[in-house]
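Participant: Data file model.tsv (TSV, C-alpha atoms) is appended below.
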```tsv
chain	number	residue	atom	x	y	z
A	1	LEU	CA	80.50	102.01	-85.23
A	2	ILE	CA	78.04	99.45	-86.61
A	3	CYS	CA	75.88	99.47	-89.71
A	4	TYR	CA	72.47	97.82	-90.06
A	5	ASN	CA	70.06	98.35	-92.96
A	6	GLN	CA	72.54	100.96	-94.22
A	7	ILE	CA	72.09	102.97	-91.02
A	8	LYS	CA	75.28	103.74	-89.13
A	9	ALA	CA	75.08	103.82	-85.36
A	10	ASP	CA	77.30	103.87	-82.29
A	11	PRO	CA	76.78	100.97	-79.85
A	12	LEU	CA	75.64	102.13	-76.42
A	13	TYR	CA	76.68	100.08	-73.40
A	14	PRO	CA	74.78	100.53	-70.14
A	15	PRO	CA	77.24	100.42	-67.23
A	16	PRO	CA	77.19	97.74	-64.53
A	17	THR	CA	75.46	98.62	-61.28
A	18	HIS	CA	77.84	100.69	-59.11
A	19	PRO	CA	80.95	100.43	-61.31
A	20	GLU	CA	82.82	102.39	-58.65
A	21	TYR	CA	82.61	99.40	-56.31
A	22	TYR	CA	84.87	97.23	-58.46
A	23	HIS	CA	88.54	97.12	-57.55
A	24	CYS	CA	91.58	94.88	-57.77
A	25	GLN	CA	93.30	92.94	-55.02
A	26	GLU	CA	96.23	90.53	-55.23
A	27	SER	CA	95.21	87.65	-57.48
A	28	GLU	CA	94.54	84.23	-56.00
A	29	PRO	CA	94.73	80.97	-57.97
A	30	PHE	CA	91.11	80.65	-59.01
A	31	ILE	CA	89.09	81.38	-62.12
A	32	LEU	CA	85.78	83.09	-61.41
A	33	VAL	CA	82.80	81.79	-63.42
A	34	PRO	CA	79.85	84.17	-62.88
A	35	GLY	CA	76.28	83.69	-64.06
A	36	ARG	CA	73.37	81.29	-63.93
A	37	LEU	CA	74.46	77.76	-64.82
A	38	SER	CA	72.90	77.27	-68.22
A	39	LYS	CA	73.65	75.23	-71.33
A	40	ILE	CA	74.01	78.38	-73.43
A	41	LYS	CA	76.67	79.66	-71.02
A	42	ARG	CA	78.63	76.39	-71.38
A	43	GLN	CA	80.19	76.33	-67.93
A	44	LYS	CA	80.74	72.59	-68.18
A	45	LEU	CA	83.48	73.24	-70.75
A	46	ILE	CA	85.74	74.83	-68.17
A	47	ILE	CA	85.06	72.04	-65.67
A	48	GLU	CA	86.14	69.54	-68.31
A	49	ALA	CA	89.17	71.72	-69.06
A	50	ILE	CA	90.35	72.00	-65.46
A	51	LYS	CA	90.87	68.21	-65.45
A	52	GLU	CA	93.66	68.73	-67.97
A	53	VAL	CA	95.41	71.57	-66.15
A	54	PRO	CA	98.27	70.17	-64.05
A	55	PHE	CA	98.41	73.13	-61.69
A	56	ARG	CA	96.64	74.18	-58.53
A	57	MET	CA	94.22	76.49	-60.34
A	58	LYS	CA	90.64	76.22	-59.06
A	59	LEU	CA	87.19	77.24	-60.33
A	60	VAL	CA	84.65	79.26	-58.36
A	61	PHE	CA	81.09	79.41	-59.72
A	62	ILE	CA	78.60	82.04	-58.63
A	63	GLY	CA	74.99	82.31	-59.73
A	64	GLN	CA	71.82	80.24	-59.75
A	65	ASP	CA	72.78	76.58	-60.04
A	66	ASP	CA	69.64	74.58	-59.26
A	67	GLU	CA	68.46	73.93	-62.82
A	68	PRO	CA	69.09	70.57	-64.60
A	69	TYR	CA	72.25	71.90	-66.28
A	70	GLY	CA	73.61	72.94	-62.89
A	71	LYS	CA	72.96	69.46	-61.52
A	72	ASP	CA	74.72	67.97	-64.53
A	73	CYS	CA	77.78	70.14	-63.85
A	74	LYS	CA	77.84	69.18	-60.18
A	75	ASP	CA	77.44	65.49	-60.99
A	76	PHE	CA	80.39	65.73	-63.39
A	77	VAL	CA	82.52	67.25	-60.63
A	78	LEU	CA	81.61	64.40	-58.26
A	79	ARG	CA	82.18	61.67	-60.84
A	80	ASN	CA	85.63	63.04	-61.64
A	81	GLN	CA	86.56	63.77	-58.02
A	82	LEU	CA	87.14	67.45	-58.65
A	83	GLN	CA	85.52	68.68	-55.43
A	84	ASP	CA	88.82	70.13	-54.18
A	85	ARG	CA	89.22	72.22	-57.35
A	86	VAL	CA	85.65	73.27	-58.17
A	87	SER	CA	83.24	75.08	-55.84
A	88	PHE	CA	79.66	76.22	-56.43
A	89	LYS	CA	78.67	79.17	-54.25
A	90	GLY	CA	75.21	79.68	-55.73
A	91	ARG	CA	73.70	83.14	-55.48
A	92	VAL	CA	75.91	85.62	-53.66
A	93	THR	CA	75.45	89.19	-52.48
A	94	GLU	CA	76.67	92.10	-54.56
A	95	GLU	CA	79.43	92.67	-52.01
A	96	GLN	CA	80.57	89.05	-52.23
A	97	LYS	CA	80.52	89.17	-56.02
A	98	VAL	CA	82.67	92.30	-56.14
A	99	ASP	CA	85.11	90.73	-53.67
A	100	LEU	CA	85.46	87.56	-55.77
A	101	PHE	CA	86.05	89.61	-58.92
A	102	SER	CA	88.76	91.55	-57.11
A	103	ARG	CA	90.64	88.43	-55.97
A	104	CYS	CA	90.31	86.03	-58.90
A	105	PHE	CA	93.12	85.25	-61.34
A	106	ALA	CA	90.89	85.62	-64.39
A	107	VAL	CA	87.22	85.41	-65.40
A	108	TYR	CA	85.57	82.87	-67.69
A	109	ASN	CA	82.71	84.07	-69.91
A	110	GLY	CA	82.01	81.10	-72.15
A	111	VAL	CA	78.59	82.14	-73.43
A	112	TYR	CA	77.37	81.16	-76.88
A	113	ASP	CA	76.40	84.09	-79.13
A	114	GLU	CA	75.02	86.26	-76.33
A	115	ASP	CA	74.63	90.01	-76.28
A	116	TYR	CA	76.56	92.57	-74.24
A	117	GLY	CA	76.20	91.23	-70.67
A	118	TYR	CA	77.96	92.58	-67.60
A	119	VAL	CA	80.52	89.85	-66.91
A	120	THR	CA	83.26	91.20	-69.18
A	121	PRO	CA	83.10	94.86	-68.07
A	122	GLU	CA	82.86	93.77	-64.42
A	123	ALA	CA	86.04	91.74	-64.91
A	124	PHE	CA	87.83	94.61	-66.62
A	125	LEU	CA	86.76	97.06	-63.91
A	126	SER	CA	88.47	94.61	-61.53
A	127	LYS	CA	91.60	94.48	-63.74
A	128	LYS	CA	91.12	90.81	-64.56
A	129	PRO	CA	91.50	89.27	-68.04
A	130	VAL	CA	88.58	87.39	-69.56
A	131	ILE	CA	88.54	84.04	-71.34
A	132	ALA	CA	85.81	83.68	-73.98
A	133	HIS	CA	85.22	81.70	-77.17
A	134	ASP	CA	85.31	82.69	-80.80
A	135	ASP	CA	81.53	82.33	-81.02
A	136	SER	CA	80.66	84.13	-77.77
A	137	GLY	CA	79.10	87.18	-79.44
A	138	GLY	CA	78.90	90.32	-77.31
A	139	PRO	CA	82.00	89.73	-75.15
A	140	LEU	CA	84.09	89.79	-78.33
A	141	GLU	CA	83.26	93.50	-78.70
A	142	PHE	CA	85.47	94.02	-75.65
A	143	ILE	CA	88.10	91.27	-75.70
A	144	VAL	CA	91.25	91.48	-77.81
A	145	HIS	CA	93.11	88.17	-77.86
A	146	GLN	CA	96.32	88.23	-75.79
A	147	VAL	CA	95.81	91.93	-75.08
A	148	ASN	CA	93.11	92.01	-72.41
A	149	GLY	CA	92.02	88.38	-72.46
A	150	LEU	CA	92.06	85.13	-74.41
A	151	ILE	CA	89.73	83.89	-77.14
A	152	CYS	CA	89.73	80.20	-77.93
A	153	LYS	CA	87.63	77.51	-79.57
A	154	PRO	CA	84.69	76.19	-77.49
A	155	ASP	CA	86.59	73.02	-76.76
A	156	PRO	CA	87.90	71.69	-73.41
A	157	ASN	CA	91.41	71.10	-74.78
A	158	ALA	CA	91.68	74.61	-76.23
A	159	LEU	CA	90.31	76.02	-73.00
A	160	ALA	CA	92.82	74.02	-70.95
A	161	GLN	CA	95.62	75.50	-73.05
A	162	SER	CA	94.30	79.00	-72.30
A	163	LEU	CA	94.21	78.25	-68.57
A	164	MET	CA	97.77	76.94	-68.64
A	165	TYR	CA	98.92	80.00	-70.59
A	166	LEU	CA	97.58	82.28	-67.88
A	167	GLN	CA	98.97	80.12	-65.09
A	168	GLU	CA	102.44	80.01	-66.62
A	169	LYS	CA	102.58	83.74	-67.35
A	170	PRO	CA	101.33	85.60	-64.25
A	171	ARG	CA	102.98	88.88	-65.22
A	172	ILE	CA	101.37	88.82	-68.64
A	173	THR	CA	98.04	87.90	-67.01
A	174	LYS	CA	98.31	90.93	-64.74
A	175	LYS	CA	99.22	93.13	-67.69
A	176	MET	CA	96.18	91.90	-69.61
A	177	GLY	CA	93.97	92.75	-66.64
A	178	GLN	CA	95.26	96.31	-66.63
A	179	ALA	CA	94.74	96.50	-70.39
A	180	GLY	CA	91.15	95.42	-69.83
A	181	LYS	CA	90.59	98.29	-67.40
A	182	ASP	CA	92.24	100.74	-69.81
A	183	SER	CA	90.15	99.48	-72.74
A	184	LEU	CA	86.92	100.53	-71.04
A	185	GLU	CA	87.84	104.19	-71.38
A	186	ASN	CA	86.62	104.37	-74.99
A	187	LYS	CA	83.49	102.27	-74.35
A	188	ASN	CA	81.67	105.13	-72.59
A	189	LEU	CA	80.16	102.99	-69.83
A	190	ASP	CA	78.28	105.94	-68.39
A	191	TRP	CA	74.54	106.56	-68.13
A	192	ASN	CA	74.97	110.27	-68.89
A	193	TYR	CA	76.66	109.43	-72.18
A	194	VAL	CA	74.01	106.81	-73.07
A	195	ILE	CA	71.13	109.20	-72.32
A	196	ASP	CA	72.77	112.07	-74.22
A	197	ARG	CA	73.20	109.88	-77.29
A	198	LEU	CA	69.62	108.65	-77.11
A	199	VAL	CA	68.06	112.11	-76.90
A	200	CYS	CA	70.39	114.02	-79.21
```
Can I see the file as structure tokens?
Facilitator:
Amino acid sequence: LICYNQIKADPLYPPPTHPEYYHCQESEPFILVPGRLSKIKRQKLIIEAIKEVPFRMKLVFIGQDDEPYGKDCKDFVLRNQLQDRVSFKGRVTEEQKVDLFSRCFAVYNGVYDEDYGYVTPEAFLSKKPVIAHDDSGGPLEFIVHQVNGLICKPDPNALAQSLMYLQEKPRITKKMGQAGKDSLENKNLDWNYVIDRLVC
């Protein structure tokens, strides 16, 4: 329940396209980073963070990556010789996206003060925990720290610590993913519910 101008209202969340497609497979050692590479989405933070993670965890980026910020991220990877740990797949099909969600270890949603967005519910539908920042906005309506994901400062060192926490505690990571799926039950991600509330 939220209150604005002394008017109380329930937030309504439109569901992702075809939520029934999302599923969970055995996790592989990569963090999925979905979305257009953009300064406001701060993907470079996790590239900087992966340098400090002394494990075999990798990053997989999906989404438009041909803007200046995307080039900056790719140049950083080359300069720091991270090509074996960071891959940019660009735009992918819906089927490929769903498959990557199902197989990733966790999902990074490092946006700055954005609204709802689909990344977090798509991750939870796939039983994967989400890493976000304490100023990420909309994702924080879904993420509970150390319950269904991790919330940290928008800082490479803090982010590296979050990545290492997940890497070192795979059973807890899996448990958080299941908690994410369970937490969607009271979010009413259903068009019938949204329409009913709008017309009532």
Participant: Between A:Val147, A:Arg36, A:Glu114, A:Pro121, which is the closest to Asn188 of chain A once you count all atoms listed in the file?
Facilitator: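 Distance minimum relative to Asn188 of chain A lands on A:Pro121.
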Participant: Could you pull the residues within 9 Å of Gly70 of chain A, counting all atoms listed in the file, minus those fewer than 5 positions along the same chain, as a list in words?
Facilitator: Arg36, Leu37, Ser38, Lys39, Gln43, Lys44, Gln64, Asp65 and Asp75 of chain A
Participant: For a test of reading the model, state the distance in Å between atom CA of Arg103 of chain A and atom CA of Phe30 of chain A, rounded to one decimal.
Facilitator: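 Atom CA of Arg103 of chain A sits 8.4 Å away from atom CA of Phe30 of chain A.
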Participant: Centre and edge lengths, as lines of an AutoDock Vina configuration file, for the axis-aligned box enclosing every listed atom of segment 74-78 of chain A with 8 Å of padding on each of the six sides, in Å to one decimal?
Facilitator:
```
center_x = 80.0
center_y = 66.8
center_z = -60.8
size_x = 21.1
size_y = 20.8
size_z = 21.1
```
Participant: Between atom CA of Gln146 of chain A and atom CA of Pro11 of chain A, what is the distance in Å, rounded to a tenth?
Facilitator: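 Those two atoms sit 23.7 Å apart.
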Participant: Which residue, A:Gly117, A:Ile40, A:Val86, A:Ile46, has the smallest gap to Ala158 of chain A when you use all atoms listed in the file?
Facilitator: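 Using all atoms listed in the file, the shortest distance to Ala158 of chain A belongs to A:Ile46.
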Participant: Need the shell around Leu198 of chain A: protein/DNA/RNA residues with any atom at most 12 Å away, counting all atoms listed in the file. Skip same-chain ones fewer than 3 positions apart. Format as a count of residues only?
Facilitator: 11
Participant: Give me the residues near segment 124-130 of chain A as a PyMOL selection string, where near means some atom within 8 Å (using all atoms listed in the file) and where sequence neighbours in that chain fewer than 5 positions away do not count.
Facilitator: chain A and resi 19+22-24+101-102+104-109+143+148-150+173-174+176-181+184
Participant: With C-alpha atoms retained, could you export that selection as a short mmCIF file (atom, residue, chain, number, x, y, z; two decimals), keeping the file's coordinate frame?
Facilitator:
```cif
data_model
loop_
_atom_site.label_atom_id
_atom_site.label_comp_id
_atom_site.auth_asym_id
_atom_site.auth_seq_id
_atom_site.Cartn_x
_atom_site.Cartn_y
_atom_site.Cartn_z
CA PRO A 19 80.95 100.43 -61.31
CA TYR A 22 84.87 97.23 -58.46
CA HIS A 23 88.54 97.12 -57.55
CA CYS A 24 91.58 94.88 -57.77
CA PHE A 101 86.05 89.61 -58.92
CA SER A 102 88.76 91.55 -57.11
CA CYS A 104 90.31 86.03 -58.90
CA PHE A 105 93.12 85.25 -61.34
CA ALA A 106 90.89 85.62 -64.39
CA VAL A 107 87.22 85.41 -65.40
CA TYR A 108 85.57 82.87 -67.69
CA ASN A 109 82.71 84.07 -69.91
CA ILE A 143 88.10 91.27 -75.70
CA ASN A 148 93.11 92.01 -72.41
CA GLY A 149 92.02 88.38 -72.46
CA LEU A 150 92.06 85.13 -74.41
CA THR A 173 98.04 87.90 -67.01
CA LYS A 174 98.31 90.93 -64.74
CA MET A 176 96.18 91.90 -69.61
CA GLY A 177 93.97 92.75 -66.64
CA GLN A 178 95.26 96.31 -66.63
CA ALA A 179 94.74 96.50 -70.39
CA GLY A 180 91.15 95.42 -69.83
CA LYS A 181 90.59 98.29 -67.40
CA LEU A 184 86.92 100.53 -71.04
#
```
Participant: Tell me, in Å to one decimal, how far atom CA of Gln25 of chain A is from atom CA of Asp99 of chain A.
Facilitator: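 Atom-to-atom, atom CA of Gln25 of chain A and atom CA of Asp99 of chain A are spaced 8.6 Å apart.
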Participant: Please provide the set of residues having any atom within 12 Å of segment 56-59 of chain A, restricted to all atoms listed in the file, with same-chain residues fewer than 2 positions apart removed, written as a VMD selection string.
Facilitator: chain A and resid 27 to 34 43 to 54 61 to 62 77 82 to 89 100 104 to 108 160 163 to 168
Participant: Rank nothing, just name the residue among A:Tyr112, A:Leu189, A:Ser162, A:Lys175 nearest to Phe142 of chain A, using all atoms listed in the file.
Facilitator: A:Leu189
Participant: Of the candidates A:Lys41, A:Glu26, A:Lys97, A:Asp190, which shows the shortest atom-to-atom distance to Cys73 of chain A, using all atoms listed in the file?
Facilitator: A:Lys41
Participant: Would you mind writing segment 23-47 of chain A with N, CA and C atoms, as an mmCIF file, in the coordinates of the input?
Facilitator:
```cif
data_model
loop_
_atom_site.group_PDB
_atom_site.id
_atom_site.type_symbol
_atom_site.label_atom_id
_atom_site.label_comp_id
_atom_site.auth_asym_id
_atom_site.auth_seq_id
_atom_site.Cartn_x
_atom_site.Cartn_y
_atom_site.Cartn_z
ATOM 1 N N HIS A 23 87.155 96.793 -57.854
ATOM 2 C CA HIS A 23 88.540 97.120 -57.550
ATOM 3 C C HIS A 23 89.382 95.864 -57.722
ATOM 4 N N CYS A 24 90.671 96.002 -57.564
ATOM 5 C CA CYS A 24 91.580 94.880 -57.770
ATOM 6 C C CYS A 24 92.395 94.627 -56.509
ATOM 7 N N GLN A 25 92.406 93.371 -56.085
ATOM 8 C CA GLN A 25 93.300 92.940 -55.020
ATOM 9 C C GLN A 25 94.309 91.952 -55.603
ATOM 10 N N GLU A 26 95.241 91.517 -54.785
ATOM 11 C CA GLU A 26 96.230 90.530 -55.230
ATOM 12 C C GLU A 26 95.501 89.272 -55.716
ATOM 13 N N SER A 27 95.891 88.791 -56.884
ATOM 14 C CA SER A 27 95.210 87.650 -57.480
ATOM 15 C C SER A 27 95.476 86.359 -56.703
ATOM 16 N N GLU A 28 94.442 85.556 -56.589
ATOM 17 C CA GLU A 28 94.540 84.230 -56.000
ATOM 18 C C GLU A 28 94.314 83.190 -57.093
ATOM 19 N N PRO A 29 94.769 81.966 -56.884
ATOM 20 C CA PRO A 29 94.730 80.970 -57.970
ATOM 21 C C PRO A 29 93.357 80.353 -58.217
ATOM 22 N N PHE A 30 92.402 81.196 -58.601
ATOM 23 C CA PHE A 30 91.110 80.650 -59.010
ATOM 24 C C PHE A 30 90.532 81.462 -60.155
ATOM 25 N N ILE A 31 89.816 80.763 -61.008
ATOM 26 C CA ILE A 31 89.090 81.380 -62.120
ATOM 27 C C ILE A 31 87.660 81.590 -61.657
ATOM 28 N N LEU A 32 87.159 82.806 -61.784
ATOM 29 C CA LEU A 32 85.780 83.090 -61.410
ATOM 30 C C LEU A 32 84.873 82.827 -62.618
ATOM 31 N N VAL A 33 83.774 82.106 -62.356
ATOM 32 C CA VAL A 33 82.800 81.790 -63.420
ATOM 33 C C VAL A 33 81.443 82.329 -62.968
ATOM 34 N N PRO A 34 81.107 83.574 -63.341
ATOM 35 C CA PRO A 34 79.850 84.170 -62.880
ATOM 36 C C PRO A 34 78.684 83.823 -63.804
ATOM 37 N N GLY A 35 77.478 83.839 -63.247
ATOM 38 C CA GLY A 35 76.280 83.690 -64.060
ATOM 39 C C GLY A 35 75.514 82.404 -63.787
ATOM 40 N N ARG A 36 74.245 82.453 -64.082
ATOM 41 C CA ARG A 36 73.370 81.290 -63.930
ATOM 42 C C ARG A 36 73.924 80.119 -64.737
ATOM 43 N N LEU A 37 73.982 78.941 -64.106
ATOM 44 C CA LEU A 37 74.460 77.760 -64.820
ATOM 45 C C LEU A 37 73.426 77.369 -65.863
ATOM 46 N N SER A 38 73.826 77.467 -67.112
ATOM 47 C CA SER A 38 72.900 77.270 -68.220
ATOM 48 C C SER A 38 73.670 76.699 -69.411
ATOM 49 N N LYS A 39 73.000 75.870 -70.184
ATOM 50 C CA LYS A 39 73.650 75.230 -71.330
ATOM 51 C C LYS A 39 74.220 76.252 -72.295
ATOM 52 N N ILE A 40 73.535 77.382 -72.474
ATOM 53 C CA ILE A 40 74.010 78.380 -73.430
ATOM 54 C C ILE A 40 75.241 79.120 -72.910
ATOM 55 N N LYS A 41 75.478 79.021 -71.600
ATOM 56 C CA LYS A 41 76.670 79.660 -71.020
ATOM 57 C C LYS A 41 77.850 78.694 -70.935
ATOM 58 N N ARG A 42 77.603 77.419 -71.153
ATOM 59 C CA ARG A 42 78.630 76.390 -71.380
ATOM 60 C C ARG A 42 79.671 76.274 -70.260
ATOM 61 N N GLN A 43 79.234 76.419 -69.024
ATOM 62 C CA GLN A 43 80.190 76.330 -67.930
ATOM 63 C C GLN A 43 80.848 74.961 -67.809
ATOM 64 N N LYS A 44 80.161 73.931 -68.293
ATOM 65 C CA LYS A 44 80.740 72.590 -68.180
ATOM 66 C C LYS A 44 82.052 72.472 -68.948
ATOM 67 N N LEU A 45 82.235 73.280 -69.987
ATOM 68 C CA LEU A 45 83.480 73.240 -70.750
ATOM 69 C C LEU A 45 84.694 73.495 -69.873
ATOM 70 N N ILE A 46 84.572 74.492 -68.984
ATOM 71 C CA ILE A 46 85.740 74.830 -68.170
ATOM 72 C C ILE A 46 85.955 73.804 -67.058
ATOM 73 N N ILE A 47 84.878 73.129 -66.640
ATOM 74 C CA ILE A 47 85.060 72.040 -65.670
ATOM 75 C C ILE A 47 85.807 70.893 -66.334
#
```
